[in-house]
$ cat structure-v6.pdb   # PDB, C-alpha atoms
ATOM      1  CA  MET A   1     -79.080   2.821   0.000
ATOM      2  CA  SER A   2     -76.597   2.025  -2.555
ATOM      3  CA  ARG A   3     -74.192  -0.751  -2.200
ATOM      4  CA  ARG A   4     -70.776  -0.492  -3.427
ATOM      5  CA  HIS A   5     -69.695  -3.316  -5.481
ATOM      6  CA  THR A   6     -66.340  -4.540  -4.178
ATOM      7  CA  LYS A   7     -64.364  -6.889  -6.188
ATOM      8  CA  GLN A   8     -61.961  -9.121  -4.337
ATOM      9  CA  HIS A   9     -58.545  -9.237  -5.826
ATOM     10  CA  ALA A  10     -56.303 -12.211  -5.763
ATOM     11  CA  PRO A  11     -53.055 -11.697  -3.828
ATOM     12  CA  ARG A  12     -50.416 -10.091  -5.998
ATOM     13  CA  ARG A  13     -47.645 -12.358  -7.053
ATOM     14  CA  ILE A  14     -44.138 -11.167  -7.635
ATOM     15  CA  PRO A  15     -43.097 -11.990 -11.171
ATOM     16  CA  PHE A  16     -40.277 -14.497 -11.529
ATOM     17  CA  ASP A  17     -37.870 -12.002 -13.120
ATOM     18  CA  LYS A  18     -38.217  -9.586 -10.162
ATOM     19  CA  LEU A  19     -37.716 -12.425  -7.731
ATOM     20  CA  PHE A  20     -34.606 -13.477  -9.638
ATOM     21  CA  VAL A  21     -33.216  -9.913  -9.510
ATOM     22  CA  TYR A  22     -33.802  -9.764  -5.738
ATOM     23  CA  PHE A  23     -32.019 -13.086  -5.379
ATOM     24  CA  LEU A  24     -29.006 -11.882  -7.399
ATOM     25  CA  VAL A  25     -28.763  -8.641  -5.418
ATOM     26  CA  SER A  26     -28.874 -10.641  -2.169
ATOM     27  CA  ILE A  27     -26.087 -12.913  -3.369
ATOM     28  CA  ILE A  28     -23.944  -9.926  -4.407
ATOM     29  CA  VAL A  29     -24.439  -8.259  -1.017
ATOM     30  CA  LEU A  30     -23.534 -11.482   0.790
ATOM     31  CA  LEU A  31     -20.394 -11.892  -1.309
ATOM     32  CA  GLN A  32     -19.320  -8.265  -0.820
ATOM     33  CA  TYR A  33     -19.594  -8.322   2.971
ATOM     34  CA  PRO A  34     -16.388 -10.327   3.620
ATOM     35  CA  LEU A  35     -14.546  -8.277   1.007
ATOM     36  CA  TRP A  36     -15.184  -4.966   2.776
ATOM     37  CA  LEU A  37     -15.871  -5.884   6.414
ATOM     38  CA  GLY A  38     -14.539  -9.412   7.041
ATOM     39  CA  SER A  39     -11.281 -10.503   8.658
ATOM     40  CA  GLY A  40      -9.324 -10.282   5.383
ATOM     41  CA  SER A  41     -11.115  -7.180   4.204
ATOM     42  CA  VAL A  42      -9.791  -4.395   2.029
ATOM     43  CA  LEU A  43     -10.013  -1.986   4.981
ATOM     44  CA  ARG A  44      -7.876  -4.304   7.118
ATOM     45  CA  LEU A  45      -5.314  -4.604   4.326
ATOM     46  CA  TRP A  46      -5.098  -0.806   3.992
ATOM     47  CA  ASN A  47      -4.556  -0.524   7.732
ATOM     48  CA  LEU A  48      -1.851  -3.200   7.684
ATOM     49  CA  ASP A  49      -0.156  -1.477   4.752
ATOM     50  CA  ARG A  50       0.011   1.784   6.729
ATOM     51  CA  GLN A  51       1.456  -0.060   9.730
ATOM     52  CA  ILE A  52       4.068  -1.786   7.556
ATOM     53  CA  THR A  53       5.121   1.541   6.026
ATOM     54  CA  LYS A  54       5.505   3.112   9.475
ATOM     55  CA  GLN A  55       7.456   0.118  10.767
ATOM     56  CA  LYS A  56       9.816   0.247   7.775
ATOM     57  CA  LYS A  57      10.553   3.925   8.499
ATOM     58  CA  ASP A  58      11.210   3.115  12.157
ATOM     59  CA  ASN A  59      13.471   0.225  11.148
ATOM     60  CA  ASP A  60      15.443   2.453   8.768
ATOM     61  CA  LEU A  61      16.049   4.994  11.551
ATOM     62  CA  LEU A  62      17.160   2.277  13.954
ATOM     63  CA  HIS A  63      19.385   0.718  11.301
ATOM     64  CA  ALA A  64      21.129   4.063  10.706
ATOM     65  CA  ARG A  65      21.595   4.541  14.465
ATOM     66  CA  ASN A  66      23.009   1.016  14.795
ATOM     67  CA  LYS A  67      25.529   1.694  12.017
ATOM     68  CA  ILE A  68      26.730   4.810  13.825
ATOM     69  CA  LEU A  69      27.044   2.894  17.097
ATOM     70  CA  GLU A  70      28.847   0.035  15.352
ATOM     71  CA  ALA A  71      31.364   2.467  13.835
ATOM     72  CA  GLU A  72      31.881   4.025  17.248
ATOM     73  CA  VAL A  73      32.508   0.611  18.829
ATOM     74  CA  GLN A  74      35.049  -0.227  16.120
ATOM     75  CA  ASP A  75      36.819   3.095  16.725
ATOM     76  CA  LEU A  76      36.969   2.372  20.450
ATOM     77  CA  LYS A  77      38.319  -1.122  19.846
ATOM     78  CA  LYS A  78      41.007  -0.054  17.374
ATOM     79  CA  GLY A  79      42.021   3.483  18.136
ATOM     80  CA  LYS A  80      43.404   5.104  21.221
ATOM     81  CA  ALA A  81      42.393   8.551  19.951
ATOM     82  CA  ALA A  82      38.702   7.730  19.995
ATOM     83  CA  LEU A  83      38.954   6.348  23.512
ATOM     84  CA  GLU A  84      40.830   9.442  24.643
ATOM     85  CA  GLU A  85      38.257  11.748  23.026
ATOM     86  CA  ARG A  86      35.417   9.936  24.738
ATOM     87  CA  ALA A  87      37.152  10.096  28.112
ATOM     88  CA  ARG A  88      37.651  13.844  27.704
ATOM     89  CA  LEU A  89      34.152  14.682  26.527
ATOM     90  CA  GLU A  90      32.033  12.362  28.617
ATOM     91  CA  LEU A  91      34.102  11.867  31.743
ATOM     92  CA  GLY A  92      36.006  15.174  31.847
ATOM     93  CA  MET A  93      39.379  13.424  32.101
ATOM     94  CA  ILE A  94      42.678  15.156  31.253
ATOM     95  CA  LYS A  95      46.246  13.934  30.709
ATOM     96  CA  LYS A  96      49.059  14.511  33.163
ATOM     97  CA  GLY A  97      50.618  17.882  32.613
ATOM     98  CA  GLU A  98      47.617  19.312  30.722
ATOM     99  CA  THR A  99      45.760  22.397  31.825
ATOM    100  CA  PHE A 100      41.997  22.245  31.555
ATOM    101  CA  TYR A 101      40.014  25.375  30.802
ATOM    102  CA  HIS A 102      36.254  25.202  31.160
ATOM    103  CA  ILE A 103      34.523  27.999  29.264
ATOM    104  CA  VAL A 104      30.911  28.603  30.194
ATOM    105  CA  ASP A 105      28.641  30.263  27.651
ATOM    106  CA  ARG A 106      26.395  32.542  29.688
ATOM    107  CA  ARG A 107      23.943  32.938  26.808
ATOM    108  CA  LYS A 108      23.030  29.251  27.033
ATOM    109  CA  LYS A 109      22.465  29.448  30.796
ATOM    110  CA  LYS A 110      19.908  32.254  30.492
ATOM    111  CA  LYS A 111      17.638  30.195  28.259
TER     112      LYS A 111
END

$ encode --input "structure-v6.pdb" --output "structure tokens"
Amino acid sequence: MSRRHTKQHAPRRIPFDKLFVYFLVSIIVLLQYPLWLGSGSVLRLWNLDRQITKQKKDNDLLHARNKILEAEVQDLKKGKAALEERARLELGMIKKGETFYHIVDRRKKKK
């Protein structure tokens, strides 16, 4: 019977330069985590930027509507014609001595 000669090897050691590289990579990963996934992350900032843009558009629309309403209020405060027009259109009022003709568009009713 032949015996195999087995040589025992000492446990392998990781060279210092490899260990140092692993350490640096670990540090980089730990520093990058808050940048991409933390509370002040780049992804959160992008999301907030989109929300701000949408809110600015909404504010612009509301601002334009408010200007129109403000002009209408000023017309109602200053002019009798605007008040009269509003009473005619919205309330269906007419002056004494006027004849009111109501024309119905049948095409609109069919839709």

$ axis_aligned_box --input "structure-v6.pdb" --around "range 45-52 of chain A" --padding-each-side "6 Å" --output "AutoDock Vina command-line options"
--center_x -0.6 --center_y -1.4 --center_z 6.9 --size_x 21.4 --size_y 18.4 --size_z 17.7

$ atom_distance --input "structure-v6.pdb" --atom1 "CA of Lys96 in chain A" --atom2 "CA of Ala82 in chain A"
18.1 Å

$ atom_distance --input "structure-v6.pdb" --atom1 "CA of Asp75 in chain A" --atom2 "CA of Ile103 in chain A"
28.0 Å

$ build_atoms --input "structure-v6.pdb" --residues "range 6-37 of chain A" --atoms "N, CA and C atoms" --output "mmCIF file, in the frame of the given file"
data_model
loop_
_atom_site.group_PDB
_atom_site.id
_atom_site.type_symbol
_atom_site.label_atom_id
_atom_site.label_comp_id
_atom_site.auth_asym_id
_atom_site.auth_seq_id
_atom_site.Cartn_x
_atom_site.Cartn_y
_atom_site.Cartn_z
ATOM 1 N N THR A 6 -67.776 -4.326 -4.404
ATOM 2 C CA THR A 6 -66.340 -4.540 -4.178
ATOM 3 C C THR A 6 -65.928 -5.847 -4.815
ATOM 4 N N LYS A 7 -64.897 -5.716 -5.510
ATOM 5 C CA LYS A 7 -64.364 -6.889 -6.188
ATOM 6 C C LYS A 7 -63.146 -7.363 -5.404
ATOM 7 N N GLN A 8 -63.101 -8.585 -5.067
ATOM 8 C CA GLN A 8 -61.961 -9.121 -4.337
ATOM 9 C C GLN A 8 -60.865 -9.459 -5.332
ATOM 10 N N HIS A 9 -59.703 -8.971 -4.966
ATOM 11 C CA HIS A 9 -58.545 -9.237 -5.826
ATOM 12 C C HIS A 9 -57.743 -10.394 -5.258
ATOM 13 N N ALA A 10 -57.182 -11.121 -6.166
ATOM 14 C CA ALA A 10 -56.303 -12.211 -5.763
ATOM 15 C C ALA A 10 -55.001 -11.584 -5.252
ATOM 16 N N PRO A 11 -54.322 -12.253 -4.330
ATOM 17 C CA PRO A 11 -53.055 -11.697 -3.828
ATOM 18 C C PRO A 11 -52.068 -11.508 -4.986
ATOM 19 N N ARG A 12 -51.369 -10.380 -4.918
ATOM 20 C CA ARG A 12 -50.416 -10.091 -5.998
ATOM 21 C C ARG A 12 -49.220 -11.018 -5.902
ATOM 22 N N ARG A 13 -48.818 -11.500 -7.000
ATOM 23 C CA ARG A 13 -47.645 -12.358 -7.053
ATOM 24 C C ARG A 13 -46.492 -11.568 -7.646
ATOM 25 N N ILE A 14 -45.330 -11.821 -7.097
ATOM 26 C CA ILE A 14 -44.138 -11.167 -7.635
ATOM 27 C C ILE A 14 -43.701 -11.956 -8.853
ATOM 28 N N PRO A 15 -43.528 -11.278 -9.962
ATOM 29 C CA PRO A 15 -43.097 -11.990 -11.171
ATOM 30 C C PRO A 15 -41.736 -12.650 -10.946
ATOM 31 N N PHE A 16 -41.501 -13.717 -11.671
ATOM 32 C CA PHE A 16 -40.277 -14.497 -11.529
ATOM 33 C C PHE A 16 -39.037 -13.648 -11.789
ATOM 34 N N ASP A 17 -39.055 -12.785 -12.799
ATOM 35 C CA ASP A 17 -37.870 -12.002 -13.120
ATOM 36 C C ASP A 17 -37.517 -11.031 -11.989
ATOM 37 N N LYS A 18 -38.505 -10.453 -11.293
ATOM 38 C CA LYS A 18 -38.217 -9.586 -10.162
ATOM 39 C C LYS A 18 -37.637 -10.393 -9.001
ATOM 40 N N LEU A 19 -38.200 -11.553 -8.787
ATOM 41 C CA LEU A 19 -37.716 -12.425 -7.731
ATOM 42 C C LEU A 19 -36.254 -12.818 -8.002
ATOM 43 N N PHE A 20 -35.959 -13.110 -9.249
ATOM 44 C CA PHE A 20 -34.606 -13.477 -9.638
ATOM 45 C C PHE A 20 -33.643 -12.309 -9.407
ATOM 46 N N VAL A 21 -34.062 -11.100 -9.721
ATOM 47 C CA VAL A 21 -33.216 -9.913 -9.510
ATOM 48 C C VAL A 21 -32.956 -9.732 -8.018
ATOM 49 N N TYR A 22 -33.975 -9.876 -7.189
ATOM 50 C CA TYR A 22 -33.802 -9.764 -5.738
ATOM 51 C C TYR A 22 -32.813 -10.813 -5.231
ATOM 52 N N PHE A 23 -32.929 -12.010 -5.757
ATOM 53 C CA PHE A 23 -32.019 -13.086 -5.379
ATOM 54 C C PHE A 23 -30.575 -12.733 -5.745
ATOM 55 N N LEU A 24 -30.357 -12.239 -6.956
ATOM 56 C CA LEU A 24 -29.006 -11.882 -7.399
ATOM 57 C C LEU A 24 -28.424 -10.749 -6.557
ATOM 58 N N VAL A 25 -29.227 -9.752 -6.258
ATOM 59 C CA VAL A 25 -28.763 -8.641 -5.418
ATOM 60 C C VAL A 25 -28.379 -9.157 -4.033
ATOM 61 N N SER A 26 -29.181 -10.061 -3.485
ATOM 62 C CA SER A 26 -28.874 -10.641 -2.169
ATOM 63 C C SER A 26 -27.545 -11.382 -2.198
ATOM 64 N N ILE A 27 -27.334 -12.160 -3.235
ATOM 65 C CA ILE A 27 -26.087 -12.913 -3.369
ATOM 66 C C ILE A 27 -24.901 -11.955 -3.470
ATOM 67 N N ILE A 28 -25.033 -10.909 -4.252
ATOM 68 C CA ILE A 28 -23.944 -9.926 -4.407
ATOM 69 C C ILE A 28 -23.624 -9.273 -3.070
ATOM 70 N N VAL A 29 -24.653 -8.879 -2.333
ATOM 71 C CA VAL A 29 -24.439 -8.259 -1.017
ATOM 72 C C VAL A 29 -23.736 -9.239 -0.083
ATOM 73 N N LEU A 30 -24.166 -10.491 -0.077
ATOM 74 C CA LEU A 30 -23.534 -11.482 0.790
ATOM 75 C C LEU A 30 -22.084 -11.742 0.405
ATOM 76 N N LEU A 31 -21.771 -11.685 -0.863
ATOM 77 C CA LEU A 31 -20.394 -11.892 -1.309
ATOM 78 C C LEU A 31 -19.517 -10.672 -1.049
ATOM 79 N N GLN A 32 -20.086 -9.492 -1.047
ATOM 80 C CA GLN A 32 -19.320 -8.265 -0.820
ATOM 81 C C GLN A 32 -18.994 -8.045 0.652
ATOM 82 N N TYR A 33 -19.808 -8.543 1.545
ATOM 83 C CA TYR A 33 -19.594 -8.322 2.971
ATOM 84 C C TYR A 33 -18.191 -8.724 3.431
ATOM 85 N N PRO A 34 -17.737 -9.962 3.163
ATOM 86 C CA PRO A 34 -16.388 -10.327 3.620
ATOM 87 C C PRO A 34 -15.296 -9.488 2.943
ATOM 88 N N LEU A 35 -15.546 -9.074 1.717
ATOM 89 C CA LEU A 35 -14.546 -8.277 1.007
ATOM 90 C C LEU A 35 -14.293 -6.950 1.703
ATOM 91 N N TRP A 36 -15.319 -6.306 2.178
ATOM 92 C CA TRP A 36 -15.184 -4.966 2.776
ATOM 93 C C TRP A 36 -15.112 -4.979 4.292
ATOM 94 N N LEU A 37 -15.774 -5.932 4.953
ATOM 95 C CA LEU A 37 -15.871 -5.884 6.414
ATOM 96 C C LEU A 37 -15.356 -7.128 7.125
#
